Amino acid sequence: SSNQFKSGERSVIEIDGRRIGGEHFSMIAGPCTVESRDQVLTTADAVAAAGASMFRGGAYKPRSSPYSFQGLGQEGLHLLAEAKERTGLPIVTELMDARDVEPILEVADVIQVGARNMQNYPLLAEIGRTGRPVLIKRGLSSTLEELLMAAEYVLKEGNPNVMLCERGIRTFETAYRFTLDIMAIPMLKELSHLPVIVDPSHAPGRRDMVLPLSLAAAAAGADGIIVEVHPDPEQAICDGPQQIYADDFAAYLEQVERAAAVA
Ligand code: PEP
Ligand code: MN
């Protein structure tokens, strides 16, 4: 359980020789969704060359409309496997449905649980039984207590490799999509030993706010960032306006790492 740890003792998760949490700042980067071989490999090459820690990309996408692109599924997983083989970067990808756990386990070094599935308890328990590292995104209207209890569903099954992710919550504010809860970072670190990762992309929904939110997260003590990157965001199938350009990623990472080093 997350409260067996002595205060001050942070959990560090080992993923393919990389360490998440503790003294390590991690940068997880990649497109919202896997669209094509060229898109995935171009992005993976760019973020790997710049020094990202892991590669993200969705093959199964939780879209608000059932008529929107739902992801490439298995074909997308194969492209992620190719990106990993080529760059050596561990893969973070979302599992939406416990029935897809087998193909996901073939590729995912970290299983992402999306905000909309944070309280899908059978899914969390299933991931717990796999033992695979998991990144749990905070639900759209979930309290920190509810996020921590979601983590407990994984921990209870004997899987200690849980990362918490703040990605913005619903508030009365309508000027932007979600409100990034910066206070969640120090509060989660007080309440839990688990690594805290911040997603600066989905709250604003626009790329010009991704850098300031990333700097704020790093300065507030986040253990890492998960950010959306695309080689040609104007052509992206989903979340185009918020994805940063692959060409800008190296400069972005340098600035964020500087803020993390000061924190
Ligand atoms: C995503 O990471 O692409 C995503 C859909 O995030 P969330 O579940 O936080 O909306
Ligand atoms: Mn997205």
# chains A, B, ... in the order shown; residues from 1 in each chain; ligands from 1

call {"tool": "select_by_dssp", "arguments": {"residues": "segment 6-229 of chain A", "states": "strand (DSSP E or B)", "output": "PyMOL selection string"}}
result
chain A and resi 13-15+18-21+24+26-30+33+54-56+58+91-94+110-113+134-137+162-166+169+179+196-198+224-229

call {"tool": "closest_atom_pairs", "arguments": {"of": "chain A", "to": "ligand 2", "cutoff": "9 Å", "atoms": "only C-alpha atoms and all ligand atoms", "output": "CSV"}}
result
residue,atom,partner,partner_atom_place_in_ligand_line,distance
A:Pro31,CA,ligand 2,1 (Mn),7.5
A:Cys32,CA,ligand 2,1 (Mn),4.1
A:Thr33,CA,ligand 2,1 (Mn),6.8
A:Gly57,CA,ligand 2,1 (Mn),8.7
A:Gly58,CA,ligand 2,1 (Mn),8.1
A:Lys61,CA,ligand 2,1 (Mn),8.4
A:Ser201,CA,ligand 2,1 (Mn),7.5
A:His202,CA,ligand 2,1 (Mn),6.3
A:Gly205,CA,ligand 2,1 (Mn),8.8
A:Glu228,CA,ligand 2,1 (Mn),6.9
A:Cys238,CA,ligand 2,1 (Mn),6.7
A:Asp239,CA,ligand 2,1 (Mn),5.2
A:Gly240,CA,ligand 2,1 (Mn),8.5
A:Gln242,CA,ligand 2,1 (Mn),8.3
A:Gln243,CA,ligand 2,1 (Mn),8.2

call {"tool": "residues_near_ligand", "arguments": {"ligand": "ligand 1", "cutoff": "6 Å", "atoms": "only C-alpha atoms and all ligand atoms", "output": "PyMOL selection string"}}
result
chain A and resi 32+62+114-116+137+167

call {"tool": "write_last_selection", "arguments": {"atoms": "C-alpha atoms", "output": "tab-separated table (two decimals), in the first residue's frame"}}
result
chain	number	residue	atom	x	y	z
A	32	CYS	CA	-1.27	11.91	-29.12
A	62	PRO	CA	-10.58	7.34	-25.77
A	114	GLY	CA	-6.59	7.42	-19.31
A	115	ALA	CA	-8.43	10.03	-17.29
A	116	ARG	CA	-11.76	8.54	-18.38
A	137	LYS	CA	-4.11	9.86	-15.22
A	167	ARG	CA	-3.53	16.31	-16.52

call {"tool": "residues_around", "arguments": {"residues": "Leu123 of chain A", "least_positions_apart": "5", "cutoff": "8 Å", "atoms": "only C-alpha atoms", "output": "ChimeraX atom specification"}}
result
/A:96-98

call {"tool": "write_last_selection", "arguments": {"atoms": "N, CA and C atoms", "output": "PDB file, in the first residue's frame"}}
result
ATOM      1  N   MET A  96      -7.312   0.672 -22.812  1.00  0.00           N
ATOM      2  CA  MET A  96      -8.665   1.163 -22.494  1.00  0.00           C
ATOM      3  C   MET A  96      -9.576   0.049 -22.023  1.00  0.00           C
ATOM      4  N   ASP A  97      -9.266  -1.174 -22.477  1.00  0.00           N
ATOM      5  CA  ASP A  97     -10.190  -2.282 -22.281  1.00  0.00           C
ATOM      6  C   ASP A  97      -9.369  -3.496 -21.851  1.00  0.00           C
ATOM      7  N   ALA A  98      -9.743  -4.084 -20.711  1.00  0.00           N
ATOM      8  CA  ALA A  98      -8.975  -5.221 -20.185  1.00  0.00           C
ATOM      9  C   ALA A  98      -8.855  -6.351 -21.218  1.00  0.00           C
TER      10      ALA A  98
END

call {"tool": "closest_residue", "arguments": {"among": "A:Pro66, A:Arg138, A:Leu148, A:Lys156", "to": "Ile169 of chain A", "atoms": "only C-alpha atoms"}}
result
A:Arg138
